[in-house]
$ cat target.txt   # compact mmCIF, C-alpha atoms and all ligand atoms
# COMPACT_ATOMS: atom_id res chain seq x y z
CA MET A 1 116.75 60.64 25.01
CA ASP A 2 115.41 61.83 28.34
CA GLN A 3 112.28 63.09 26.64
CA GLU A 4 110.29 63.16 29.86
CA ALA A 5 112.93 65.24 31.61
CA ASN A 6 113.69 67.45 28.65
CA SER A 7 110.63 68.20 26.55
CA PRO A 8 110.05 71.92 26.39
CA GLU A 9 106.92 73.06 24.62
CA LEU A 10 107.51 73.75 20.93
CA ASN A 11 107.27 77.44 20.09
CA ASP A 12 105.44 78.77 17.02
CA ARG A 13 108.61 78.92 14.96
CA GLU A 14 109.36 75.27 15.68
CA LEU A 15 105.78 74.21 15.03
CA LEU A 16 105.98 75.81 11.59
CA ARG A 17 109.47 74.62 10.77
CA TYR A 18 108.72 70.98 11.54
CA SER A 19 105.02 71.10 10.61
CA ARG A 20 105.23 68.64 7.69
CA GLN A 21 106.69 65.90 9.84
CA ILE A 22 104.63 66.78 12.93
CA LEU A 23 101.63 66.05 10.68
CA LEU A 24 102.76 62.43 10.56
CA PRO A 25 100.97 60.57 13.34
CA GLN A 26 104.12 58.52 13.98
CA ILE A 27 105.98 61.72 14.85
CA ASP A 28 103.47 64.31 16.09
CA ILE A 29 104.53 66.92 18.63
CA ALA A 30 105.80 64.37 21.12
CA GLY A 31 108.07 62.81 18.50
CA GLN A 32 109.41 66.20 17.49
CA GLN A 33 110.23 66.98 21.10
CA ARG A 34 111.98 63.63 21.31
CA LEU A 35 114.08 64.39 18.22
CA LEU A 36 115.02 67.78 19.64
CA ALA A 37 116.19 66.05 22.83
CA SER A 38 118.21 63.40 20.97
CA HIS A 39 121.95 63.10 20.49
CA VAL A 40 123.32 61.27 17.44
CA LEU A 41 127.00 60.49 17.00
CA LEU A 42 128.15 60.26 13.37
CA PHE A 43 131.42 58.67 12.33
CA GLY A 44 132.61 59.64 8.87
CA VAL A 45 131.56 62.87 7.17
CA GLY A 46 131.86 61.49 3.63
CA GLY A 47 129.53 60.57 0.81
CA ILE A 48 127.18 58.69 3.13
CA GLY A 49 127.63 60.83 6.24
CA SER A 50 126.98 64.09 4.39
CA PRO A 51 123.29 63.59 3.58
CA ALA A 52 122.76 61.65 6.81
CA ALA A 53 123.99 64.61 8.86
CA MET A 54 122.02 67.11 6.78
CA TYR A 55 118.73 65.21 7.09
CA LEU A 56 119.20 64.64 10.82
CA ALA A 57 119.88 68.34 11.35
CA SER A 58 117.01 69.49 9.13
CA SER A 59 114.61 67.15 10.89
CA GLY A 60 115.51 68.75 14.21
CA VAL A 61 117.75 66.23 15.94
CA GLY A 62 118.93 68.36 18.84
CA LYS A 63 122.55 67.38 19.04
CA LEU A 64 124.92 65.95 16.46
CA THR A 65 128.51 64.97 17.14
CA LEU A 66 130.63 64.64 13.99
CA VAL A 67 133.81 62.56 14.07
CA ASP A 68 136.23 62.59 11.14
CA PRO A 69 140.03 62.91 11.01
CA ASP A 70 140.22 64.08 7.39
CA SER A 71 140.24 67.35 5.51
CA VAL A 72 138.18 68.14 2.42
CA ASP A 73 139.81 67.05 -0.84
CA ALA A 74 138.71 68.16 -4.30
CA SER A 75 137.92 64.53 -5.13
CA ASN A 76 135.36 64.48 -2.29
CA LEU A 77 133.07 67.10 -3.81
CA GLN A 78 131.47 64.74 -6.35
CA ARG A 79 129.58 63.00 -3.54
CA GLN A 80 130.16 64.69 -0.18
CA ILE A 81 127.44 67.26 -0.64
CA ILE A 82 127.82 68.87 2.77
CA PHE A 83 130.98 70.58 1.42
CA ARG A 84 131.40 73.47 -1.00
CA SER A 85 134.21 74.04 -3.50
CA ASP A 86 135.76 76.66 -1.22
CA ASP A 87 136.04 74.13 1.62
CA VAL A 88 138.92 72.18 0.00
CA GLY A 89 141.78 71.90 2.49
CA GLU A 90 139.63 72.58 5.56
CA GLU A 91 138.88 70.08 8.32
CA LYS A 92 135.80 68.13 7.25
CA VAL A 93 134.06 68.46 10.61
CA THR A 94 134.56 72.25 10.62
CA ALA A 95 133.27 72.72 7.08
CA ALA A 96 130.34 70.37 7.77
CA ASN A 97 129.49 72.28 10.93
CA ARG A 98 129.19 75.48 8.88
CA THR A 99 126.72 73.88 6.44
CA LEU A 100 124.67 72.38 9.25
CA ALA A 101 124.56 75.70 11.12
CA SER A 102 123.12 77.43 8.06
CA LEU A 103 120.69 74.56 7.53
CA ASN A 104 119.34 74.52 11.09
CA ALA A 105 120.93 76.58 13.82
CA GLN A 106 118.75 74.79 16.35
CA THR A 107 120.87 71.63 16.02
CA SER A 108 123.85 71.80 18.32
CA VAL A 109 126.86 70.40 16.44
CA HIS A 110 129.96 69.15 18.20
CA THR A 111 133.04 68.31 16.15
CA ILE A 112 135.90 65.91 16.76
CA HIS A 113 138.71 66.14 14.21
CA ALA A 114 140.24 62.77 15.02
CA ALA A 115 139.83 59.04 14.56
CA LEU A 116 138.68 57.88 17.97
CA SER A 117 139.80 54.62 19.52
CA GLY A 118 139.96 52.85 22.85
CA GLU A 119 138.46 54.45 25.94
CA ARG A 120 137.81 57.81 24.25
CA LEU A 121 135.76 56.04 21.57
CA ARG A 122 133.75 54.20 24.21
CA GLN A 123 133.16 57.40 26.21
CA GLU A 124 131.87 59.35 23.23
CA ILE A 125 129.55 56.52 22.21
CA ALA A 126 128.22 56.18 25.76
CA LYS A 127 127.10 59.83 25.62
CA ALA A 128 124.99 59.33 22.48
CA ASP A 129 121.48 57.95 22.02
CA LEU A 130 122.40 56.42 18.67
CA VAL A 131 125.47 55.95 16.47
CA LEU A 132 125.70 56.23 12.69
CA ASP A 133 128.69 54.50 11.17
CA ALA A 134 129.48 56.00 7.77
CA THR A 135 133.21 55.23 7.83
CA ASP A 136 135.05 53.62 4.96
CA ASN A 137 137.20 50.95 6.58
CA PHE A 138 136.66 47.75 8.48
CA ALA A 139 139.04 48.54 11.34
CA ALA A 140 136.95 51.58 12.29
CA ARG A 141 133.69 49.68 11.80
CA PHE A 142 134.73 46.85 14.09
CA ALA A 143 135.95 49.26 16.79
CA ILE A 144 132.73 51.32 16.64
CA ASN A 145 130.62 48.16 16.71
CA GLU A 146 132.50 46.81 19.72
CA ALA A 147 132.03 50.03 21.67
CA CYS A 148 128.33 50.08 20.77
CA VAL A 149 127.98 46.48 22.00
CA GLU A 150 129.74 47.38 25.26
CA THR A 151 127.58 50.42 25.88
CA GLY A 152 124.32 49.02 24.46
CA THR A 153 124.08 51.92 22.03
CA PRO A 154 121.98 51.37 18.86
CA LEU A 155 124.10 51.37 15.69
CA VAL A 156 123.12 52.08 12.09
CA VAL A 157 125.77 51.10 9.55
CA GLY A 158 125.89 52.28 5.96
CA ALA A 159 128.32 51.34 3.22
CA ALA A 160 128.54 52.02 -0.51
CA ILE A 161 130.86 51.27 -3.39
CA ARG A 162 130.47 51.45 -7.19
CA PHE A 163 126.68 51.41 -7.75
CA GLU A 164 126.00 49.29 -4.66
CA GLY A 165 125.16 49.98 -1.07
CA GLN A 166 124.01 48.36 2.13
CA VAL A 167 122.36 49.45 5.34
CA MET A 168 122.21 47.53 8.62
CA VAL A 169 120.63 48.28 11.98
CA PHE A 170 121.87 46.82 15.24
CA PRO A 171 119.65 47.80 18.20
CA MET A 172 122.16 46.18 20.57
CA HIS A 173 119.59 44.34 22.62
CA ARG A 174 120.81 41.15 24.20
CA GLN A 175 119.22 39.14 21.38
CA SER A 176 120.35 41.29 18.47
CA ALA A 177 123.23 40.52 16.17
CA CYS A 178 126.15 42.90 15.85
CA TYR A 179 128.22 43.98 12.88
CA ARG A 180 130.97 41.52 13.75
CA CYS A 181 128.48 38.61 13.60
CA LEU A 182 128.60 39.18 9.82
CA TYR A 183 132.37 38.90 9.60
CA PRO A 184 133.77 36.30 12.00
CA ASP A 185 136.89 36.02 9.84
CA LEU A 186 138.47 39.30 8.91
CA GLY A 187 140.32 37.91 5.90
CA ASP A 188 140.75 40.24 2.96
CA LEU A 189 137.93 42.67 3.57
CA GLU A 190 139.44 45.93 2.51
CA GLU A 191 138.00 47.48 -0.61
CA SER A 192 137.56 51.20 -0.70
CA CYS A 193 136.12 53.66 -3.15
CA THR A 194 139.59 55.18 -3.50
CA GLN A 195 140.51 52.32 -5.79
CA THR A 196 137.07 51.19 -6.91
CA GLY A 197 134.99 54.29 -7.49
CA ILE A 198 131.46 55.22 -6.50
CA LEU A 199 128.51 57.11 -7.91
CA GLY A 200 127.80 60.04 -5.60
CA SER A 201 124.04 59.66 -5.64
CA VAL A 202 124.36 56.02 -4.53
CA ALA A 203 126.33 57.08 -1.45
CA GLY A 204 123.66 59.73 -0.89
CA LEU A 205 120.90 57.15 -1.16
CA ILE A 206 122.54 55.05 1.55
CA GLY A 207 123.00 58.11 3.78
CA CYS A 208 119.31 58.99 3.40
CA LEU A 209 118.33 55.43 4.34
CA GLN A 210 120.61 55.62 7.38
CA ALA A 211 119.04 58.89 8.52
CA THR A 212 115.57 57.39 8.06
CA GLU A 213 116.41 54.34 10.15
CA ALA A 214 118.02 56.57 12.79
CA ILE A 215 114.90 58.73 13.11
CA LYS A 216 112.67 55.64 13.35
CA LEU A 217 114.86 54.21 16.11
CA LEU A 218 114.93 57.50 18.02
CA LEU A 219 111.13 57.63 17.85
CA ASP A 220 110.67 53.91 18.38
CA THR A 221 108.31 53.76 15.42
CA GLY A 222 107.85 51.45 12.46
CA GLN A 223 109.85 48.33 11.77
CA SER A 224 113.58 48.86 11.61
CA LEU A 225 116.17 46.91 9.65
CA ALA A 226 117.19 45.22 12.92
CA ASN A 227 118.90 41.90 12.23
CA ARG A 228 118.50 42.50 8.51
CA MET A 229 120.77 43.90 5.83
CA LEU A 230 119.31 45.93 3.01
CA LEU A 231 121.31 45.51 -0.19
CA VAL A 232 120.83 47.98 -3.01
CA ASP A 233 122.12 47.38 -6.53
CA ALA A 234 121.43 50.73 -8.12
CA LEU A 235 122.86 49.79 -11.51
CA ASN A 236 120.01 47.31 -11.98
CA MET A 237 117.83 49.00 -9.34
CA GLU A 238 117.32 45.82 -7.38
CA TRP A 239 116.74 45.91 -3.63
CA ARG A 240 116.78 42.93 -1.34
CA CYS A 241 116.96 42.18 2.36
CA VAL A 242 118.87 39.34 3.99
CA THR A 243 118.59 38.22 7.59
CA ILE A 244 121.59 38.69 9.86
CA ASN A 245 121.77 35.92 12.43
CA LYS A 246 123.34 36.44 15.81
CA ASP A 247 126.53 34.36 15.93
CA SER A 248 126.74 32.49 19.22
CA GLN A 249 130.53 32.42 18.75
CA CYS A 250 130.84 36.11 17.83
CA PRO A 251 134.08 37.48 19.32
CA THR A 252 132.36 40.78 20.06
CA CYS A 253 128.79 40.13 21.22
CA ALA A 254 128.72 36.50 22.36
CA ASN A 255 129.78 37.35 25.91
CA PRO A 256 126.64 36.67 27.95
CA ASP A 257 127.81 38.95 30.76
CA ARG A 258 127.51 42.13 28.76
CA THR A 259 124.72 44.49 29.63
CA GLY A 260 121.97 45.61 27.30
ZN ZN B 301 128.17 39.83 17.19
$ encode --input "target.txt" --output "C-alpha cells" --more "lines below"
Ligand SMILES: [Zn+2]
Amino acid sequence: MDQEANSPELNDRELLRYSRQILLPQIDIAGQQRLLASHVLLFGVGGIGSPAAMYLASSGVGKLTLVDPDSVDASNLQRQIIFRSDDVGEEKVTAANRTLASLNAQTSVHTIHAALSGERLRQEIAKADLVLDATDNFAARFAINEACVETGTPLVVGAAIRFEGQVMVFPMHRQSACYRCLYPDLGDLEESCTQTGILGSVAGLIGCLQATEAIKLLLDTGQSLANRMLLVDALNMEWRCVTINKDSQCPTCANPDRTG
C-alpha cells in the first residue's frame, strides 16, 4: 500500500466525497489516504464481482484491476448490476470500466479480458495489495489461491448459488489456512449457477461482504474473517461461521519454505 510513500493530502473535493467514511474513527483521513493508495485485483466481474467492484471504487480504492474473459450476456443482467441492457455482447471488463468511471473517476481501472494462468497470473497478483476472487469455478479458484500463497497476497473469496453464499478471508500469513486447505480432494466439486440458478440479491450480498472485508484488510482494522468461513442461507436468513483449520498436508500451503 505504500501509504507512507504515497499519501498526498486530501483536497476539499475528496474530503467532501469521502466525508461519511472519514467520520469513522477506524478510517479517518489516514485510512482514506491508504485506500486511495491501494491496488485491488478482482477476478470475475459477475454477480458477486459487480457490487464488490462498485463499492471498492465508490469508497475510493485508488486502483482496481478487473480480470474476466467473458462478454456480457442477457442472462447476466438479473444479477450483474455493473452492466446495463445496452452492454450485452460487450467485453465485461470494458463495460464494467465504463460504469466504474462514471461512479468514481478517481479510481484508476485496469482491465484484462482474459483468464490468467501460470506466470502471468502470479505476476498480476504480485502487483496487487489484495485479491478478490469472485470467479465461478474451482479450477480458477485453486490457481488464484496458489498464486496468492506464493506471493503472500491476502485473498478474499466469495461464492454464491441458489439462495446461499459464503465468504472466506485468507491473509496468507505463515500460520493462516488457504482455500485449498478446505478441499484437499478435488472430487466432484463443480456446481455452477448456470445449471442451478441464483437469486441476484444473494450474489450482491456476498459481493458487499467481500468488499467490506477487503476494505478492513486494506486498513488493518477490525476483526476479519481470517481462518473462518461465513455461510449465509438467505432463504431462511441464517448466518453462521465455521473455523477453517490450516491443513498441515495441504498441497498448496504446507510447504514450510514459502515466504510470507
Ligand atoms: Zn492450504
$ residues_near_ligand --input "target.txt" --ligand "ligand ZN 301 (chain B)" --cutoff "9 Å" --atoms "only C-alpha atoms and all ligand atoms" --output "list in words"
Asn145, Glu146, Val149, Ser176, Ala177, Cys178, Tyr179, Arg180, Cys181, Leu182, Tyr183, Pro184, Asn245, Lys246, Asp247, Ser248, Gln249, Cys250, Pro251, Thr252, Cys253 and Ala254 of chain A
$ residues_around --input "target.txt" --residues "Phe170 of chain A" --least-positions-apart "4" --cutoff "10 Å" --atoms "all atoms listed in the file" --output "list in words"
Val131, Asn145, Cys148, Val149, Gly152, Thr153, Pro154, Leu155, Val156, Val157, Ser176, Ala177, Cys178, Tyr179, Ser224, Leu225, Ala226, Asn227, Arg228, Met229 and Ile244 of chain A
$ closest_atom_pairs --input "target.txt" --of "segment 52-72 of chain A" --to "segment 87-96 of chain A" --cutoff "10 Å" --atoms "all atoms listed in the file" --output "Markdown table"
| residue | atom | partner | partner_atom | distance |
| --- | --- | --- | --- | --- |
| A:Ala53 | CA | A:Ala96 | CA | 8.6 |
| A:Met54 | CA | A:Ala96 | CA | 9.0 |
| A:Thr65 | CA | A:Val93 | CA | 9.3 |
| A:Leu66 | CA | A:Val93 | CA | 6.1 |
| A:Val67 | CA | A:Val93 | CA | 6.8 |
| A:Asp68 | CA | A:Val93 | CA | 6.3 |
| A:Pro69 | CA | A:Lys92 | CA | 7.7 |
| A:Asp70 | CA | A:Lys92 | CA | 6.0 |
| A:Ser71 | CA | A:Glu91 | CA | 4.1 |
| A:Val72 | CA | A:Val88 | CA | 4.8 |
$ closest_residue --input "target.txt" --among "A:Ile215, A:Leu199, A:Val232, A:Leu35" --to "Gly60 of chain A" --atoms "only C-alpha atoms"
A:Leu35
$ atom_distance --input "target.txt" --atom1 "atom CA of Asp129 of chain A" --atom2 "atom CA of Leu219 of chain A"
11.2 Å
$ atom_distance --input "target.txt" --atom1 "atom CA of Ile144 of chain A" --atom2 "atom CA of Trp239 of chain A"
26.4 Å
$ closest_residue --input "target.txt" --among "A:Ile27, A:Ala211, A:Leu41, A:Leu15" --to "Thr111 of chain A" --atoms "all atoms listed in the file"
A:Leu41
$ atom_distance --input "target.txt" --atom1 "atom CA of Ile22 of chain A" --atom2 "atom CA of Leu10 of chain A"
11.0 Å
$ closest_residue --input "target.txt" --among "A:Asp220, A:Glu14, A:Glu213, A:Asp86" --to "Leu36 of chain A" --atoms "only C-alpha atoms"
A:Glu14
$ closest_residue --input "target.txt" --among "A:Ala105, A:Ala115, A:Val45, A:Ala139" --to "Ile82 of chain A" --atoms "only C-alpha atoms"
A:Val45
$ residues_near_point --input "target.txt" --point "(133.0, 61.1, -1.2)" --cutoff "10 Å" --atoms "all atoms listed in the file" --output "list in words"
Val45, Gly46, Gly47, Ile48, Gly49, Ser50, Val72, Asp73, Ala74, Ser75, Asn76, Leu77, Gln78, Arg79, Gln80, Ile81, Asp136, Cys193, Thr194, Gly197, Ile198, Leu199, Gly200, Ala203 and Gly204 of chain A
$ closest_residue --input "target.txt" --among "A:Lys216, A:Phe138, A:Ile125, A:Arg84" --to "Val40 of chain A" --atoms "all atoms listed in the file"
A:Ile125
$ closest_residue --input "target.txt" --among "A:Leu64, A:Ile29, A:Arg141, A:Arg17" --to "Lys127 of chain A" --atoms "all atoms listed in the file"
A:Leu64
$ decode --input "target.txt" --residues "segment 49-79 of chain A" --atoms "N, CA and C atoms" --output "PDB file, in the first residue's frame"
ATOM      1  N   GLY A  49     -18.805 -10.081  -8.207  1.00  0.00           N
ATOM      2  CA  GLY A  49     -17.773  -9.078  -8.514  1.00  0.00           C
ATOM      3  C   GLY A  49     -18.343  -7.706  -8.827  1.00  0.00           C
ATOM      4  N   SER A  50     -19.581  -7.670  -9.361  1.00  0.00           N
ATOM      5  CA  SER A  50     -20.161  -6.369  -9.729  1.00  0.00           C
ATOM      6  C   SER A  50     -20.288  -5.428  -8.529  1.00  0.00           C
ATOM      7  N   PRO A  51     -21.031  -5.813  -7.493  1.00  0.00           N
ATOM      8  CA  PRO A  51     -21.134  -4.879  -6.361  1.00  0.00           C
ATOM      9  C   PRO A  51     -19.806  -4.710  -5.636  1.00  0.00           C
ATOM     10  N   ALA A  52     -18.983  -5.752  -5.605  1.00  0.00           N
ATOM     11  CA  ALA A  52     -17.679  -5.613  -4.943  1.00  0.00           C
ATOM     12  C   ALA A  52     -16.872  -4.513  -5.623  1.00  0.00           C
ATOM     13  N   ALA A  53     -16.812  -4.544  -6.947  1.00  0.00           N
ATOM     14  CA  ALA A  53     -16.043  -3.529  -7.683  1.00  0.00           C
ATOM     15  C   ALA A  53     -16.644  -2.145  -7.482  1.00  0.00           C
ATOM     16  N   MET A  54     -17.976  -2.063  -7.486  1.00  0.00           N
ATOM     17  CA  MET A  54     -18.623  -0.759  -7.366  1.00  0.00           C
ATOM     18  C   MET A  54     -18.389  -0.151  -5.978  1.00  0.00           C
ATOM     19  N   TYR A  55     -18.477  -0.974  -4.940  1.00  0.00           N
ATOM     20  CA  TYR A  55     -18.243  -0.431  -3.592  1.00  0.00           C
ATOM     21  C   TYR A  55     -16.770  -0.085  -3.369  1.00  0.00           C
ATOM     22  N   LEU A  56     -15.865  -0.861  -3.949  1.00  0.00           N
ATOM     23  CA  LEU A  56     -14.447  -0.523  -3.786  1.00  0.00           C
ATOM     24  C   LEU A  56     -14.140   0.793  -4.499  1.00  0.00           C
ATOM     25  N   ALA A  57     -14.710   0.961  -5.699  1.00  0.00           N
ATOM     26  CA  ALA A  57     -14.472   2.216  -6.429  1.00  0.00           C
ATOM     27  C   ALA A  57     -15.117   3.392  -5.701  1.00  0.00           C
ATOM     28  N   SER A  58     -16.352   3.232  -5.253  1.00  0.00           N
ATOM     29  CA  SER A  58     -17.039   4.357  -4.618  1.00  0.00           C
ATOM     30  C   SER A  58     -16.384   4.729  -3.295  1.00  0.00           C
ATOM     31  N   SER A  59     -15.750   3.768  -2.644  1.00  0.00           N
ATOM     32  CA  SER A  59     -15.091   4.080  -1.377  1.00  0.00           C
ATOM     33  C   SER A  59     -13.718   4.696  -1.588  1.00  0.00           C
ATOM     34  N   GLY A  60     -13.259   4.745  -2.840  1.00  0.00           N
ATOM     35  CA  GLY A  60     -12.022   5.451  -3.120  1.00  0.00           C
ATOM     36  C   GLY A  60     -10.774   4.583  -3.172  1.00  0.00           C
ATOM     37  N   VAL A  61     -10.948   3.276  -3.392  1.00  0.00           N
ATOM     38  CA  VAL A  61      -9.758   2.452  -3.643  1.00  0.00           C
ATOM     39  C   VAL A  61      -9.095   2.997  -4.916  1.00  0.00           C
ATOM     40  N   GLY A  62      -7.820   3.273  -4.840  1.00  0.00           N
ATOM     41  CA  GLY A  62      -7.163   4.035  -5.900  1.00  0.00           C
ATOM     42  C   GLY A  62      -7.008   3.303  -7.204  1.00  0.00           C
ATOM     43  N   LYS A  63      -6.791   2.002  -7.133  1.00  0.00           N
ATOM     44  CA  LYS A  63      -6.558   1.262  -8.365  1.00  0.00           C
ATOM     45  C   LYS A  63      -7.257  -0.083  -8.291  1.00  0.00           C
ATOM     46  N   LEU A  64      -8.022  -0.374  -9.335  1.00  0.00           N
ATOM     47  CA  LEU A  64      -8.716  -1.662  -9.451  1.00  0.00           C
ATOM     48  C   LEU A  64      -8.289  -2.308 -10.761  1.00  0.00           C
ATOM     49  N   THR A  65      -7.871  -3.566 -10.683  1.00  0.00           N
ATOM     50  CA  THR A  65      -7.637  -4.325 -11.905  1.00  0.00           C
ATOM     51  C   THR A  65      -8.733  -5.381 -12.009  1.00  0.00           C
ATOM     52  N   LEU A  66      -9.437  -5.371 -13.140  1.00  0.00           N
ATOM     53  CA  LEU A  66     -10.542  -6.306 -13.373  1.00  0.00           C
ATOM     54  C   LEU A  66     -10.095  -7.372 -14.356  1.00  0.00           C
ATOM     55  N   VAL A  67     -10.288  -8.638 -13.987  1.00  0.00           N
ATOM     56  CA  VAL A  67      -9.915  -9.748 -14.865  1.00  0.00           C
ATOM     57  C   VAL A  67     -11.157 -10.588 -15.147  1.00  0.00           C
ATOM     58  N   ASP A  68     -11.511 -10.713 -16.421  1.00  0.00           N
ATOM     59  CA  ASP A  68     -12.647 -11.561 -16.789  1.00  0.00           C
ATOM     60  C   ASP A  68     -12.566 -11.836 -18.290  1.00  0.00           C
ATOM     61  N   PRO A  69     -12.677 -13.099 -18.688  1.00  0.00           N
ATOM     62  CA  PRO A  69     -12.563 -13.424 -20.118  1.00  0.00           C
ATOM     63  C   PRO A  69     -13.886 -13.332 -20.877  1.00  0.00           C
ATOM     64  N   ASP A  70     -14.986 -13.067 -20.186  1.00  0.00           N
ATOM     65  CA  ASP A  70     -16.306 -13.198 -20.812  1.00  0.00           C
ATOM     66  C   ASP A  70     -16.847 -11.873 -21.344  1.00  0.00           C
ATOM     67  N   SER A  71     -17.911 -12.014 -22.125  1.00  0.00           N
ATOM     68  CA  SER A  71     -18.679 -10.862 -22.585  1.00  0.00           C
ATOM     69  C   SER A  71     -20.045 -10.886 -21.903  1.00  0.00           C
ATOM     70  N   VAL A  72     -20.697  -9.733 -21.908  1.00  0.00           N
ATOM     71  CA  VAL A  72     -21.983  -9.601 -21.212  1.00  0.00           C
ATOM     72  C   VAL A  72     -23.067 -10.352 -21.997  1.00  0.00           C
ATOM     73  N   ASP A  73     -23.800 -11.193 -21.280  1.00  0.00           N
ATOM     74  CA  ASP A  73     -24.915 -11.955 -21.853  1.00  0.00           C
ATOM     75  C   ASP A  73     -26.212 -11.433 -21.231  1.00  0.00           C
ATOM     76  N   ALA A  74     -27.287 -11.532 -21.978  1.00  0.00           N
ATOM     77  CA  ALA A  74     -28.570 -11.036 -21.443  1.00  0.00           C
ATOM     78  C   ALA A  74     -28.934 -11.708 -20.127  1.00  0.00           C
ATOM     79  N   SER A  75     -28.528 -12.967 -19.977  1.00  0.00           N
ATOM     80  CA  SER A  75     -28.863 -13.695 -18.738  1.00  0.00           C
ATOM     81  C   SER A  75     -28.033 -13.230 -17.548  1.00  0.00           C
ATOM     82  N   ASN A  76     -27.041 -12.368 -17.786  1.00  0.00           N
ATOM     83  CA  ASN A  76     -26.234 -11.838 -16.680  1.00  0.00           C
ATOM     84  C   ASN A  76     -26.929 -10.680 -15.960  1.00  0.00           C
ATOM     85  N   LEU A  77     -27.830  -9.994 -16.672  1.00  0.00           N
ATOM     86  CA  LEU A  77     -28.307  -8.691 -16.188  1.00  0.00           C
ATOM     87  C   LEU A  77     -29.142  -8.790 -14.912  1.00  0.00           C
ATOM     88  N   GLN A  78     -29.704  -9.947 -14.642  1.00  0.00           N
ATOM     89  CA  GLN A  78     -30.537 -10.165 -13.464  1.00  0.00           C
ATOM     90  C   GLN A  78     -29.742 -10.003 -12.166  1.00  0.00           C
ATOM     91  N   ARG A  79     -28.417 -10.120 -12.240  1.00  0.00           N
ATOM     92  CA  ARG A  79     -27.616 -10.055 -11.016  1.00  0.00           C
ATOM     93  C   ARG A  79     -26.318  -9.271 -11.159  1.00  0.00           C
TER      94      ARG A  79
END
